[in-house]
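Asker: Below is the file model11.cif, with mmCIF, C-alpha atoms (C1' of nucleotides).
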data_data
#
loop_
_atom_site.label_atom_id
_atom_site.label_comp_id
_atom_site.auth_asym_id
_atom_site.auth_seq_id
_atom_site.Cartn_x
_atom_site.Cartn_y
_atom_site.Cartn_z
CA MET A 1162 -23.00 -35.24 32.53
CA SER A 1163 -24.10 -36.66 35.81
CA HIS A 1164 -21.84 -36.45 38.80
CA MET A 1165 -18.43 -35.56 37.45
CA GLY A 1166 -19.39 -32.05 38.44
CA TYR A 1167 -16.88 -30.18 40.46
CA GLY A 1168 -13.67 -31.82 39.40
CA CYS A 1169 -13.73 -31.42 35.68
CA LEU A 1170 -16.28 -29.68 33.52
CA MET A 1171 -17.55 -27.18 36.03
CA ALA A 1172 -14.06 -25.89 36.56
CA VAL A 1173 -13.42 -25.56 32.86
CA ASP A 1174 -16.65 -23.69 32.27
CA ARG A 1175 -16.05 -21.49 35.23
CA ASP A 1176 -12.63 -20.60 33.95
CA HIS A 1177 -14.02 -19.85 30.51
CA VAL A 1178 -16.69 -17.59 31.99
CA LEU A 1179 -14.07 -15.86 34.08
CA ARG A 1180 -11.85 -15.15 31.10
CA SER A 1181 -14.74 -13.91 28.98
CA ALA A 1182 -15.75 -11.63 31.80
CA ALA A 1183 -12.22 -10.36 32.15
CA ALA A 1184 -12.01 -9.60 28.44
CA LEU A 1185 -15.34 -7.77 28.45
CA LEU A 1186 -14.84 -5.84 31.67
CA THR A 1187 -11.41 -4.75 30.47
CA ARG A 1188 -13.11 -2.93 27.63
CA LYS A 1189 -16.29 -1.88 29.46
CA SER A 1190 -15.88 -1.91 33.20
CA THR A 1191 -19.58 -1.08 33.77
CA ALA A 1192 -20.89 -4.03 31.80
CA THR A 1193 -24.09 -5.59 33.11
CA MET A 1194 -24.33 -9.11 34.47
CA ASP A 1195 -26.47 -9.82 31.44
CA GLU A 1196 -23.76 -8.55 29.10
CA VAL A 1197 -21.16 -10.59 30.93
CA ALA A 1198 -23.33 -13.67 30.55
CA ARG A 1199 -23.91 -13.10 26.84
CA ALA A 1200 -20.21 -12.48 26.30
CA ALA A 1201 -19.53 -15.89 27.81
CA GLY A 1202 -22.24 -17.48 25.71
CA ILE A 1203 -24.39 -18.46 28.66
CA SER A 1204 -27.57 -17.18 30.22
CA ARG A 1205 -27.80 -14.85 33.16
CA ALA A 1206 -29.25 -17.67 35.26
CA THR A 1207 -26.25 -19.89 34.63
CA LEU A 1208 -23.91 -17.04 35.37
CA HIS A 1209 -25.59 -16.66 38.73
CA ARG A 1210 -25.16 -20.37 39.34
CA HIS A 1211 -21.41 -19.94 38.96
CA PHE A 1212 -21.06 -16.65 40.84
CA ALA A 1213 -23.51 -15.62 43.51
CA GLY A 1214 -23.52 -12.01 42.35
CA ARG A 1215 -21.57 -9.28 40.72
CA ASP A 1216 -19.48 -8.87 43.82
CA ALA A 1217 -18.53 -12.53 43.83
CA LEU A 1218 -17.64 -12.29 40.15
CA VAL A 1219 -15.31 -9.36 40.72
CA ARG A 1220 -13.72 -11.14 43.65
CA ALA A 1221 -13.15 -14.21 41.52
CA LEU A 1222 -11.62 -11.99 38.86
CA GLU A 1223 -9.37 -10.52 41.50
CA ALA A 1224 -8.29 -13.99 42.58
CA LEU A 1225 -7.61 -14.90 38.97
CA GLY A 1226 -5.55 -11.77 38.45
CA ILE A 1227 -3.54 -12.48 41.58
CA ALA A 1228 -2.97 -16.08 40.51
CA GLU A 1229 -1.81 -15.04 37.05
CA CYS A 1230 0.47 -12.42 38.51
CA GLU A 1231 2.06 -14.86 40.86
CA ALA A 1232 2.45 -17.40 38.08
CA ALA A 1233 4.18 -14.74 36.02
CA LEU A 1234 6.41 -13.84 38.94
CA ASP A 1235 7.39 -17.47 39.32
CA ALA A 1236 7.99 -17.94 35.61
CA ALA A 1237 10.16 -14.82 35.43
CA ARG A 1238 12.64 -16.17 38.02
CA LEU A 1239 13.23 -12.73 39.47
CA ASP A 1240 16.21 -13.83 41.53
CA GLU A 1241 18.29 -14.97 38.59
CA GLY A 1242 20.64 -12.95 36.43
CA PRO A 1243 20.72 -9.18 36.06
CA ALA A 1244 17.72 -7.33 37.50
CA ALA A 1245 17.10 -5.63 34.18
CA GLU A 1246 16.71 -8.98 32.47
CA ALA A 1247 14.40 -10.12 35.22
CA VAL A 1248 12.22 -7.06 34.67
CA ARG A 1249 12.12 -7.89 30.99
CA ARG A 1250 11.05 -11.45 31.71
CA LEU A 1251 8.46 -10.26 34.19
CA VAL A 1252 6.74 -7.85 31.83
CA GLY A 1253 6.79 -10.44 29.09
CA ALA A 1254 5.25 -13.03 31.37
CA ILE A 1255 2.62 -10.71 32.73
CA GLU A 1256 1.58 -9.32 29.36
CA PRO A 1257 -1.30 -11.77 28.74
CA ALA A 1258 -2.88 -10.68 31.99
CA ALA A 1259 -2.36 -6.96 31.46
CA GLY A 1260 -5.94 -6.30 30.43
CA LEU A 1261 -7.29 -8.00 33.52
CA LEU A 1262 -4.78 -6.14 35.64
CA ALA A 1263 -5.86 -2.84 34.15
CA PHE A 1264 -9.46 -3.58 35.04
CA LEU A 1265 -8.61 -4.55 38.60
CA TYR A 1266 -6.27 -1.60 38.95
CA THR A 1267 -9.08 0.86 38.25
CA GLU A 1268 -11.63 -1.05 40.30
CA ASN A 1269 -10.66 0.96 43.32
CA GLN A 1270 -13.68 -0.18 45.27
CA LEU A 1271 -11.71 -3.36 45.87
CA PHE A 1272 -9.37 -1.42 48.08
CA GLU A 1273 -11.79 0.54 50.19
CA GLY A 1274 -12.37 -1.16 53.45
CA GLU A 1275 -9.82 -3.26 55.25
CA GLY A 1276 -10.84 -6.48 53.56
CA GLN A 1277 -8.42 -6.09 50.70
CA ASN A 1278 -6.88 -9.24 49.42
CA GLU A 1279 -3.43 -9.85 50.87
CA GLY A 1280 -2.34 -11.32 47.56
CA TRP A 1281 -1.61 -7.85 46.25
CA ALA A 1282 0.69 -7.15 49.13
CA ARG A 1283 2.63 -10.32 48.38
CA ILE A 1284 2.96 -9.36 44.73
CA ASP A 1285 3.95 -5.80 45.56
CA GLU A 1286 6.62 -7.10 47.88
CA ARG A 1287 8.13 -9.40 45.29
CA ILE A 1288 8.29 -6.71 42.61
CA GLU A 1289 9.66 -4.18 45.04
CA ALA A 1290 12.29 -6.70 46.07
CA LEU A 1291 13.33 -7.02 42.45
CA PHE A 1292 13.85 -3.30 42.08
CA ARG A 1293 15.63 -3.21 45.41
CA ARG A 1294 17.94 -5.94 44.23
CA GLY A 1295 18.70 -3.94 41.10
CA GLN A 1296 19.55 -0.96 43.26
CA ASP A 1297 21.79 -3.04 45.51
CA THR A 1298 23.74 -4.44 42.59
CA GLY A 1299 24.18 -0.95 41.19
CA GLU A 1300 22.12 -1.57 38.08
CA PHE A 1301 19.30 0.77 39.03
CA ARG A 1302 19.41 4.31 40.32
CA ILE A 1303 18.54 4.77 43.95
CA ASP A 1304 16.67 8.07 43.77
CA LEU A 1305 13.50 6.36 42.53
CA THR A 1306 11.96 4.30 45.28
CA PRO A 1307 11.11 0.64 44.67
CA ALA A 1308 7.54 1.45 45.68
CA TRP A 1309 7.26 4.04 42.94
CA LEU A 1310 8.88 1.81 40.34
CA THR A 1311 6.40 -0.90 41.26
CA GLU A 1312 3.50 1.48 41.02
CA ALA A 1313 4.78 2.82 37.71
CA CYS A 1314 5.06 -0.75 36.45
CA TYR A 1315 1.37 -1.30 37.13
CA GLY A 1316 0.49 2.01 35.54
CA LEU A 1317 2.47 1.33 32.40
CA LEU A 1318 0.99 -2.15 32.14
CA ALA A 1319 -2.49 -0.66 32.34
CA SER A 1320 -1.70 2.15 29.91
CA GLY A 1321 -0.14 -0.30 27.52
CA ALA A 1322 -3.13 -2.63 27.59
CA TRP A 1323 -5.47 0.28 27.04
CA ALA A 1324 -3.36 1.74 24.24
CA VAL A 1325 -3.20 -1.61 22.47
CA SER A 1326 -6.94 -2.15 22.72
CA GLU A 1327 -7.48 1.32 21.26
CA GLY A 1328 -5.09 0.63 18.44
CA ARG A 1329 -2.74 3.40 19.46
CA VAL A 1330 0.20 1.03 19.72
CA ALA A 1331 0.79 -2.32 18.04
CA ALA A 1332 0.22 -5.39 20.17
CA ARG A 1333 3.58 -6.84 19.18
CA ASP A 1334 5.37 -3.81 20.63
CA PHE A 1335 3.63 -4.05 23.98
CA THR A 1336 6.38 -5.62 26.04
CA TYR A 1337 9.18 -3.75 24.34
CA MET A 1338 7.70 -0.31 24.88
CA ILE A 1339 6.86 -0.90 28.51
CA VAL A 1340 10.20 -2.46 29.34
CA GLU A 1341 12.24 0.17 27.56
CA LEU A 1342 10.43 2.99 29.31
CA LEU A 1343 10.60 1.33 32.70
CA LEU A 1344 14.23 0.27 32.43
CA GLY A 1345 15.29 3.51 30.79
CA GLY A 1346 13.96 5.32 33.82
CA ALA A 1347 15.27 2.84 36.35
CA ARG A 1348 18.76 2.19 35.06
CA ARG A 1349 21.73 4.12 36.28
CA ARG A 1350 23.35 6.15 33.58
CA LYS A 1351 27.01 6.90 33.39
CA GLU A 1352 26.43 10.38 32.03
CA PRO A 1353 23.34 12.60 32.32
CA MET B 841 -28.29 38.51 45.90
CA SER B 842 -30.88 39.51 43.34
CA HIS B 843 -29.98 39.57 39.69
CA MET B 844 -26.22 39.44 39.50
CA GLY B 845 -26.78 35.76 38.75
CA TYR B 846 -24.88 34.33 35.89
CA GLY B 847 -21.86 36.54 35.69
CA CYS B 848 -20.39 36.36 39.15
CA LEU B 849 -21.50 34.27 42.07
CA MET B 850 -23.04 31.41 40.16
CA ALA B 851 -19.77 30.86 38.35
CA VAL B 852 -17.77 30.84 41.57
CA ASP B 853 -20.09 28.38 43.25
CA ARG B 854 -20.19 26.21 40.19
CA ASP B 855 -16.44 26.09 40.08
CA HIS B 856 -16.22 25.20 43.75
CA VAL B 857 -18.72 22.39 43.29
CA LEU B 858 -16.79 21.16 40.30
CA ARG B 859 -13.52 21.01 42.20
CA SER B 860 -15.08 19.29 45.18
CA ALA B 861 -16.60 16.75 42.84
CA ALA B 862 -13.27 16.22 41.14
CA ALA B 863 -11.54 15.65 44.46
CA LEU B 864 -14.18 13.18 45.62
CA LEU B 865 -14.55 11.28 42.36
CA THR B 866 -10.79 10.95 42.14
CA ARG B 867 -10.89 8.91 45.31
CA LYS B 868 -14.23 7.18 44.75
CA SER B 869 -15.27 7.15 41.14
CA THR B 870 -18.65 5.60 41.94
CA ALA B 871 -19.72 8.29 44.38
CA THR B 872 -23.41 9.12 44.44
CA MET B 873 -24.85 12.48 43.45
CA ASP B 874 -25.79 12.82 47.08
CA GLU B 875 -22.22 12.21 48.19
CA VAL B 876 -20.95 14.68 45.63
CA ALA B 877 -23.38 17.26 46.93
CA ARG B 878 -22.41 16.72 50.55
CA ALA B 879 -18.72 16.87 49.64
CA ALA B 880 -19.37 20.29 48.15
CA GLY B 881 -21.37 21.38 51.19
CA ILE B 882 -24.63 21.78 49.31
CA SER B 883 -27.82 19.78 49.00
CA ARG B 884 -28.65 17.39 46.25
CA ALA B 885 -31.34 19.79 44.99
CA THR B 886 -28.84 22.59 44.56
CA LEU B 887 -26.41 20.28 42.85
CA HIS B 888 -29.12 19.44 40.35
CA ARG B 889 -29.71 23.15 39.80
CA HIS B 890 -26.11 23.50 38.71
CA PHE B 891 -25.83 20.30 36.71
CA ALA B 892 -28.83 18.69 35.10
CA GLY B 893 -27.65 15.22 36.02
CA ARG B 894 -24.73 13.01 36.65
CA ASP B 895 -23.92 12.90 32.99
CA ALA B 896 -23.81 16.68 32.78
CA LEU B 897 -21.57 16.76 35.85
CA VAL B 898 -19.09 14.34 34.33
CA ARG B 899 -19.14 16.28 31.09
CA ALA B 900 -18.41 19.48 32.99
CA LEU B 901 -15.58 17.70 34.77
CA GLU B 902 -14.25 16.62 31.42
CA ALA B 903 -14.38 20.18 30.16
CA LEU B 904 -12.58 21.34 33.29
CA GLY B 905 -9.91 18.71 32.84
CA ILE B 906 -9.40 19.70 29.24
CA ALA B 907 -9.20 23.36 30.16
CA GLU B 908 -6.64 22.70 32.88
CA CYS B 909 -4.59 20.53 30.56
CA GLU B 910 -4.54 23.16 27.88
CA ALA B 911 -3.65 25.83 30.40
CA ALA B 912 -0.76 23.66 31.57
CA LEU B 913 0.32 23.11 27.99
CA ASP B 914 0.32 26.84 27.41
CA ALA B 915 2.18 27.56 30.64
CA ALA B 916 4.84 24.98 29.87
CA ARG B 917 5.82 26.66 26.58
CA LEU B 918 6.49 23.36 24.88
CA ASP B 919 8.19 24.96 21.89
CA GLU B 920 10.96 26.61 23.87
CA GLY B 921 14.29 25.18 24.89
CA PRO B 922 15.26 21.51 25.06
CA ALA B 923 12.40 19.07 24.77
CA ALA B 924 13.42 17.40 28.02
CA GLU B 925 13.04 20.68 29.89
CA ALA B 926 9.69 21.23 28.25
CA VAL B 927 8.54 17.80 29.46
CA ARG B 928 9.68 18.75 32.95
CA ARG B 929 7.72 22.00 32.82
CA LEU B 930 4.68 20.20 31.45
CA VAL B 931 4.51 17.58 34.19
CA GLY B 932 5.04 20.26 36.82
CA ALA B 933 2.28 22.39 35.40
CA ILE B 934 -0.15 19.52 35.03
CA GLU B 935 0.48 18.08 38.48
CA PRO B 936 -2.38 19.92 40.24
CA ALA B 937 -4.83 18.42 37.78
CA ALA B 938 -3.38 14.92 37.91
CA GLY B 939 -6.11 13.59 40.19
CA LEU B 940 -8.83 14.86 37.91
CA LEU B 941 -7.00 13.47 34.93
CA ALA B 942 -6.75 10.08 36.59
CA PHE B 943 -10.49 10.04 37.14
CA LEU B 944 -11.27 11.04 33.56
CA TYR B 945 -8.68 8.59 32.24
CA THR B 946 -10.47 5.66 33.83
CA GLU B 947 -13.95 6.94 32.99
CA ASN B 948 -13.80 5.04 29.75
CA GLN B 949 -17.49 5.49 29.14
CA LEU B 950 -16.58 8.97 27.96
CA PHE B 951 -14.93 7.46 24.94
CA GLU B 952 -17.54 4.98 23.86
CA GLY B 953 -19.67 6.39 21.13
CA GLU B 954 -18.47 8.90 18.61
CA GLY B 955 -19.37 11.93 20.69
CA GLN B 956 -16.00 12.12 22.39
CA ASN B 957 -14.73 15.55 23.09
CA GLU B 958 -12.28 16.77 20.48
CA GLY B 959 -10.33 18.57 23.19
CA TRP B 960 -8.47 15.37 24.01
CA ALA B 961 -7.36 15.03 20.41
CA ARG B 962 -5.94 18.55 20.52
CA ILE B 963 -4.07 17.80 23.75
CA ASP B 964 -2.78 14.49 22.47
CA GLU B 965 -1.52 16.18 19.36
CA ARG B 966 0.36 18.85 21.29
CA ILE B 967 2.06 16.37 23.59
CA GLU B 968 2.89 14.06 20.73
CA ALA B 969 4.38 17.02 18.87
CA LEU B 970 6.62 17.67 21.85
CA PHE B 971 7.97 14.15 21.85
CA ARG B 972 8.35 14.28 18.09
CA ARG B 973 10.33 17.47 18.43
CA GLY B 974 12.60 15.79 20.94
CA GLN B 975 13.16 12.96 18.51
CA ASP B 976 13.90 15.36 15.67
CA THR B 977 16.50 17.22 17.70
CA GLY B 978 18.11 13.94 18.67
CA GLU B 979 17.30 14.27 22.37
CA PHE B 980 14.87 11.36 22.44
CA ARG B 981 15.20 7.88 21.06
CA ILE B 982 13.11 7.11 18.02
CA ASP B 983 12.16 3.52 18.76
CA LEU B 984 9.43 4.60 21.18
CA THR B 985 6.59 6.22 19.28
CA PRO B 986 5.32 9.65 20.32
CA ALA B 987 1.86 8.11 20.69
CA TRP B 988 3.16 5.62 23.23
CA LEU B 989 5.16 8.23 25.12
CA THR B 990 2.03 10.36 25.31
CA GLU B 991 -0.03 7.44 26.53
CA ALA B 992 2.65 6.52 29.05
CA CYS B 993 2.68 10.12 30.26
CA TYR B 994 -1.03 9.89 31.04
CA GLY B 995 -0.56 6.53 32.70
CA LEU B 996 2.28 7.72 34.90
CA LEU B 997 0.34 10.84 35.84
CA ALA B 998 -2.59 8.68 36.90
CA SER B 999 -0.39 6.19 38.74
CA GLY B 1000 1.42 9.02 40.46
CA ALA B 1001 -1.77 10.68 41.61
CA TRP B 1002 -3.08 7.38 42.89
CA ALA B 1003 0.17 6.47 44.63
CA VAL B 1004 0.31 9.85 46.33
CA SER B 1005 -3.28 9.61 47.53
CA GLU B 1006 -2.50 6.18 48.94
CA GLY B 1007 0.58 7.44 50.68
CA ARG B 1008 2.89 5.15 48.74
CA VAL B 1009 4.97 8.04 47.48
CA ALA B 1010 5.46 11.50 48.96
CA ALA B 1011 3.52 14.32 47.33
CA ARG B 1012 6.63 16.45 47.05
CA ASP B 1013 8.31 13.82 44.89
CA PHE B 1014 5.42 13.55 42.47
CA THR B 1015 6.83 15.57 39.59
CA TYR B 1016 10.37 14.36 40.05
CA MET B 1017 9.53 10.69 39.95
CA ILE B 1018 7.27 10.93 36.93
CA VAL B 1019 9.67 13.11 34.98
CA GLU B 1020 12.72 11.00 35.74
CA LEU B 1021 10.99 7.82 34.69
CA LEU B 1022 9.51 9.34 31.56
CA LEU B 1023 12.69 11.09 30.48
CA GLY B 1024 14.90 8.21 31.47
CA GLY B 1025 12.95 6.05 29.09
CA ALA B 1026 12.67 8.64 26.36
CA ARG B 1027 16.20 9.99 26.28
CA ARG B 1028 18.81 8.64 23.94
CA ARG B 1029 21.69 7.08 25.77
CA LYS B 1030 25.25 7.10 24.51
CA GLU B 1031 25.92 3.63 25.79
CA PRO B 1032 23.53 0.77 26.60
"C1'" DC C 516 -41.58 46.02 56.15
"C1'" DC C 517 -42.30 43.15 52.10
"C1'" DC C 518 -40.95 40.67 48.26
"C1'" DA C 519 -37.75 38.06 45.43
"C1'" DT C 520 -34.26 34.81 45.02
"C1'" DG C 521 -31.76 30.90 46.34
"C1'" DT C 522 -31.44 27.09 49.35
"C1'" DG C 523 -32.24 22.69 52.16
"C1'" DA C 524 -35.14 19.03 53.30
"C1'" DG C 525 -37.96 15.76 51.99
"C1'" DA C 526 -41.60 13.17 49.31
"C1'" DC C 527 -42.41 10.89 45.10
"C1'" DA C 528 -42.09 8.45 40.71
"C1'" DT C 529 -39.00 6.26 37.42
"C1'" DG C 530 -35.70 3.22 35.51
"C1'" DA C 531 -32.07 -0.01 35.66
"C1'" DA C 532 -29.55 -3.66 37.55
"C1'" DT C 533 -29.76 -7.19 40.60
"C1'" DG C 534 -31.10 -11.44 42.90
"C1'" DT C 535 -34.49 -15.21 43.16
"C1'" DC C 536 -37.69 -18.18 41.43
"C1'" DT C 537 -40.23 -21.43 38.30
"C1'" DC C 538 -40.73 -24.10 34.25
"C1'" DA C 539 -39.79 -26.40 30.07
"C1'" DG C 540 -36.35 -28.32 27.00
"C1'" DT C 541 -32.17 -31.07 26.28
"C1'" DA C 542 -28.38 -34.21 26.80
"C1'" DC C 543 -26.24 -37.80 28.84
"C1'" DG C 544 -25.72 -42.08 31.57
"C1'" DG C 545 -27.76 -46.17 33.25
"C1'" DC D 1090 -36.30 -46.19 27.42
"C1'" DC D 1091 -36.17 -43.49 31.69
"C1'" DG D 1092 -34.34 -40.38 34.98
"C1'" DT D 1093 -31.01 -37.19 36.44
"C1'" DA D 1094 -28.59 -32.94 35.86
"C1'" DC D 1095 -27.90 -28.84 33.67
"C1'" DT D 1096 -29.40 -25.16 30.97
"C1'" DG D 1097 -32.07 -21.05 28.90
"C1'" DA D 1098 -35.94 -18.17 29.03
"C1'" DG D 1099 -38.66 -15.52 31.44
"C1'" DA D 1100 -41.52 -13.62 35.40
"C1'" DC D 1101 -41.08 -11.37 39.68
"C1'" DA D 1102 -39.78 -8.58 43.74
"C1'" DT D 1103 -36.18 -5.66 45.55
"C1'" DT D 1104 -32.91 -2.31 45.89
"C1'" DC D 1105 -30.75 1.91 44.73
"C1'" DA D 1106 -29.44 6.00 42.18
"C1'" DT D 1107 -31.60 9.26 39.75
"C1'" DG D 1108 -34.62 13.01 38.38
"C1'" DT D 1109 -38.54 15.98 39.58
"C1'" DC D 1110 -41.44 18.18 42.53
"C1'" DT D 1111 -43.24 20.94 46.52
"C1'" DC D 1112 -42.72 23.57 50.58
"C1'" DA D 1113 -40.66 26.11 54.28
"C1'" DC D 1114 -36.83 29.01 55.60
"C1'" DA D 1115 -33.34 32.49 55.24
"C1'" DT D 1116 -31.10 36.36 53.33
"C1'" DG D 1117 -30.77 40.65 51.19
"C1'" DG D 1118 -32.51 44.55 48.56
"C1'" DG D 1119 -36.04 47.92 47.60
#
Translate the structure described by the file into structure tokens.

Answerer:
Amino acid sequence: MSHMGYGCLMAVDRDHVLRSAAALLTRKSTATMDEVARAAGISRATLHRHFAGRDALVRALEALGIAECEAALDAARLDEGPAAEAVRRLVGAIEPAAGLLAFLYTENQLFEGEGQNEGWARIDERIEALFRRGQDTGEFRIDLTPAWLTEACYGLLASGAWAVSEGRVAARDFTYMIVELLLGGARRRKEP
Amino acid sequence: MSHMGYGCLMAVDRDHVLRSAAALLTRKSTATMDEVARAAGISRATLHRHFAGRDALVRALEALGIAECEAALDAARLDEGPAAEAVRRLVGAIEPAAGLLAFLYTENQLFEGEGQNEGWARIDERIEALFRRGQDTGEFRIDLTPAWLTEACYGLLASGAWAVSEGRVAARDFTYMIVELLLGGARRRKEP
DNA sequence: CCCATGTGAGACATGAATGTCTCAGTACGG
DNA sequence: CCGTACTGAGACATTCATGTCTCACATGGG
């Protein structure tokens, strides 16, 4: 395919490899580079040509997760309409990336050391702002901090992805169950 | 200390090592056997005298986690009083073990293969029964399955432990925040 | 005092995953 | 048809955690 290299096909293949790796590592976070390569249908050598090493692969996965999160945040238009509806849109938009998020969430070695990607901070801030907005408009209760609601959102996303992959809950109920639990806990209630 | 061996001191030391390992692995799940040993204040050789290998250590941790969970389940008296109060007692009782639970929850290699410990099934069943009871008495909504509520409970416990260890939420709020979110989502509400 | 037990320190071999390299086969464009 | 570019297969060295071993030291009881 000569010299069309970096603009077109390489990018496509790289993205395919990345998504295969995400799908595999979601299920088996200790998978070998060889397993990752086979899952993507390529050889270990080619995998190393795309990603210098396992570390680079995980970093690329992190970048992908951040990009998908931010795309979901944009698509959910968090500033519009009631905060509860925005939360619903957000979870729905982020659902396809939940497995990848769950993997990254448990890959705590990403966060040791000061070199942690600032993308997470940006995402945290946007989600926290959403919950804060809901509190300001009186939709959400104020005794649960935005930071905790954000953290719980990640946790429920991860639990949901794991539960679906184990067959404990139906995939079609994913968004509904997470949103109902999250909003049920966040919303103000007229009577206890 | 001659031949008092297995009944007394060995057990105490073993338990101390186990708890040190739990505390360390909660923060860094990839810690080396050497790091685990140093965290417990013993040498790697002595650690290997207690636990044949890393696998045996993780299995022992799993057994400890199961034992603590079941102790918490017993202490919470899930059959007594309103289901919501039972959930509150359960989360409070399980809080000290939340870090260990979070580690075991993400150690998904425990669940690959058919040799998974049946203790988890027993615990799942008891928690699910609690949520089912709440649904039967009309306290909890029925559109969220007991299996999902149980899964979400684990996820929130893990998220809470992680958030506390990161300083994102205060340790004293741990139980409150988890219970309010879980119950807020589980409870039936008179008006949407 | 002497012996037994447990311990720490360290050497050593092993196995697995990783990273690097070469080489042959293939596909595509010129 | 030829040459370039990419790929897969495999060999190879390296690194690291692990598991096993020996030996010296300390403690505590007989």

Asker: Please, which residues are within 12 Å of (-37.6, 0.8, 35.4) by the file's coordinates, counting all atoms listed in the file, and could they come as a list in words?

Answerer: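 Residues satisfying the cut-off, written out: DA528, DT529, DG530, DA531 and DA532 of chain C; DT1104, DC1105, DA1106 and DT1107 of chain D.
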
Asker: Considering all atoms listed in the file, state which residue in the set B:Lys868, B:Arg878, B:Glu935, B:Leu904 is at the smallest distance from chain A.

Answerer: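 Ranking B:Lys868, B:Arg878, B:Glu935, B:Leu904 by distance to chain A, first place goes to B:Lys868.
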
Asker: Starting from the shown file, work through the PyMOL selection byres ((chain C and resi 522-526) around 12) and note down what comes out as an mmCIF file with C-alpha atoms (C1' of nucleotides), in the coordinates of the input.

Answerer:
data_model
loop_
_atom_site.group_PDB
_atom_site.id
_atom_site.type_symbol
_atom_site.label_atom_id
_atom_site.label_comp_id
_atom_site.auth_asym_id
_atom_site.auth_seq_id
_atom_site.Cartn_x
_atom_site.Cartn_y
_atom_site.Cartn_z
ATOM 1 C CA ALA B 877 -23.380 17.260 46.930
ATOM 2 C CA ARG B 878 -22.410 16.720 50.550
ATOM 3 C CA GLY B 881 -21.370 21.380 51.190
ATOM 4 C CA ILE B 882 -24.630 21.780 49.310
ATOM 5 C CA SER B 883 -27.820 19.780 49.000
ATOM 6 C CA ARG B 884 -28.650 17.390 46.250
ATOM 7 C CA ALA B 885 -31.340 19.790 44.990
ATOM 8 C CA THR B 886 -28.840 22.590 44.560
ATOM 9 C CA LEU B 887 -26.410 20.280 42.850
ATOM 10 C CA ARG B 889 -29.710 23.150 39.800
ATOM 11 C "C1'" DT C 520 -34.260 34.810 45.020
ATOM 12 C "C1'" DG C 521 -31.760 30.900 46.340
ATOM 13 C "C1'" DC C 527 -42.410 10.890 45.100
ATOM 14 C "C1'" DA C 528 -42.090 8.450 40.710
ATOM 15 C "C1'" DT D 1109 -38.540 15.980 39.580
ATOM 16 C "C1'" DC D 1110 -41.440 18.180 42.530
ATOM 17 C "C1'" DT D 1111 -43.240 20.940 46.520
ATOM 18 C "C1'" DC D 1112 -42.720 23.570 50.580
ATOM 19 C "C1'" DA D 1113 -40.660 26.110 54.280
ATOM 20 C "C1'" DC D 1114 -36.830 29.010 55.600
ATOM 21 C "C1'" DA D 1115 -33.340 32.490 55.240
ATOM 22 C "C1'" DT D 1116 -31.100 36.360 53.330
#

Asker: May I have the residues of chain B within 10 Å of chain D, counting only C-alpha atoms (C1' of nucleotides), written as JSON, numbers by chain?

Answerer: {"B": [841, 842, 872, 873, 874, 885, 888, 892, 893, 894]}

Asker: Can you work out the spacing between CA of Met1017 (chain B) and CA of Asn1269 (chain A) in Å, to one decimal?

Answerer: 22.7 Å

Asker: Define the interface residues of chain A facing chain B as those within 6 Å, counting all atoms listed in the file, and report them as a PyMOL selection string.

Answerer: chain A and resi 1316+1320+1342+1345-1346

Asker: Output as a tab-separated table one row per residue of chain C within 8 Å of chain A: the closest atom pair and its distance in Å to one decimal place, counting all atoms listed in the file, sorted by chain and residue number ascending.

Answerer:
residue	atom	partner	partner_atom	distance
C:DA532	C1'	A:Thr1193	CA	7.3
C:DG534	C1'	A:Gly1214	CA	7.6
C:DA542	C1'	A:Met1162	CA	7.9
C:DC543	C1'	A:Met1162	CA	5.5
C:DG544	C1'	A:Ser1163	CA	7.1

Asker: Could you please determine the separation between CA of Gly1260 (chain A) and CA of Gln1277 (chain A) in Å, to one decimal place?

Answerer: 20.4 Å

Asker: One number please: CA of Ala861 (chain B) to CA of Glu1327 (chain A), in Å, one decimal.

Answerer: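 Value for the CA of Ala861 (chain B)-CA of Glu1327 (chain A) distance: 28.1 Å.
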
Asker: Report as a PyMOL selection string all protein, DNA and RNA residues lying within 12 Å of Ile967 (chain B), evaluated on all atoms listed in the file, omitting residues in the same chain fewer than 6 positions from it.

Answerer: chain B and resi 909-910+912-914+916-919+923+926-927+930-931+960-961+973-974+985-994

Asker: Kindly list the centre and edge lengths in Å, rounded to one decimal, for the axis-aligned box that covers all listed atoms of region 921-928 of chain B plus 3 Å on each of its six sides, as AutoDock Vina command-line options.

Answerer:
--center_x 11.9 --center_y 21.3 --center_z 28.9 --size_x 12.7 --size_y 13.8 --size_z 14.2

Asker: Please determine, counting only C-alpha atoms, which residue among A:Gly1328, A:Gly1280, A:Gly1253, A:Gly1242 has the shortest atom-to-atom distance to Thr1298 (chain A).

Answerer: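 With only C-alpha atoms as the atom set, the closest residue is A:Gly1242.
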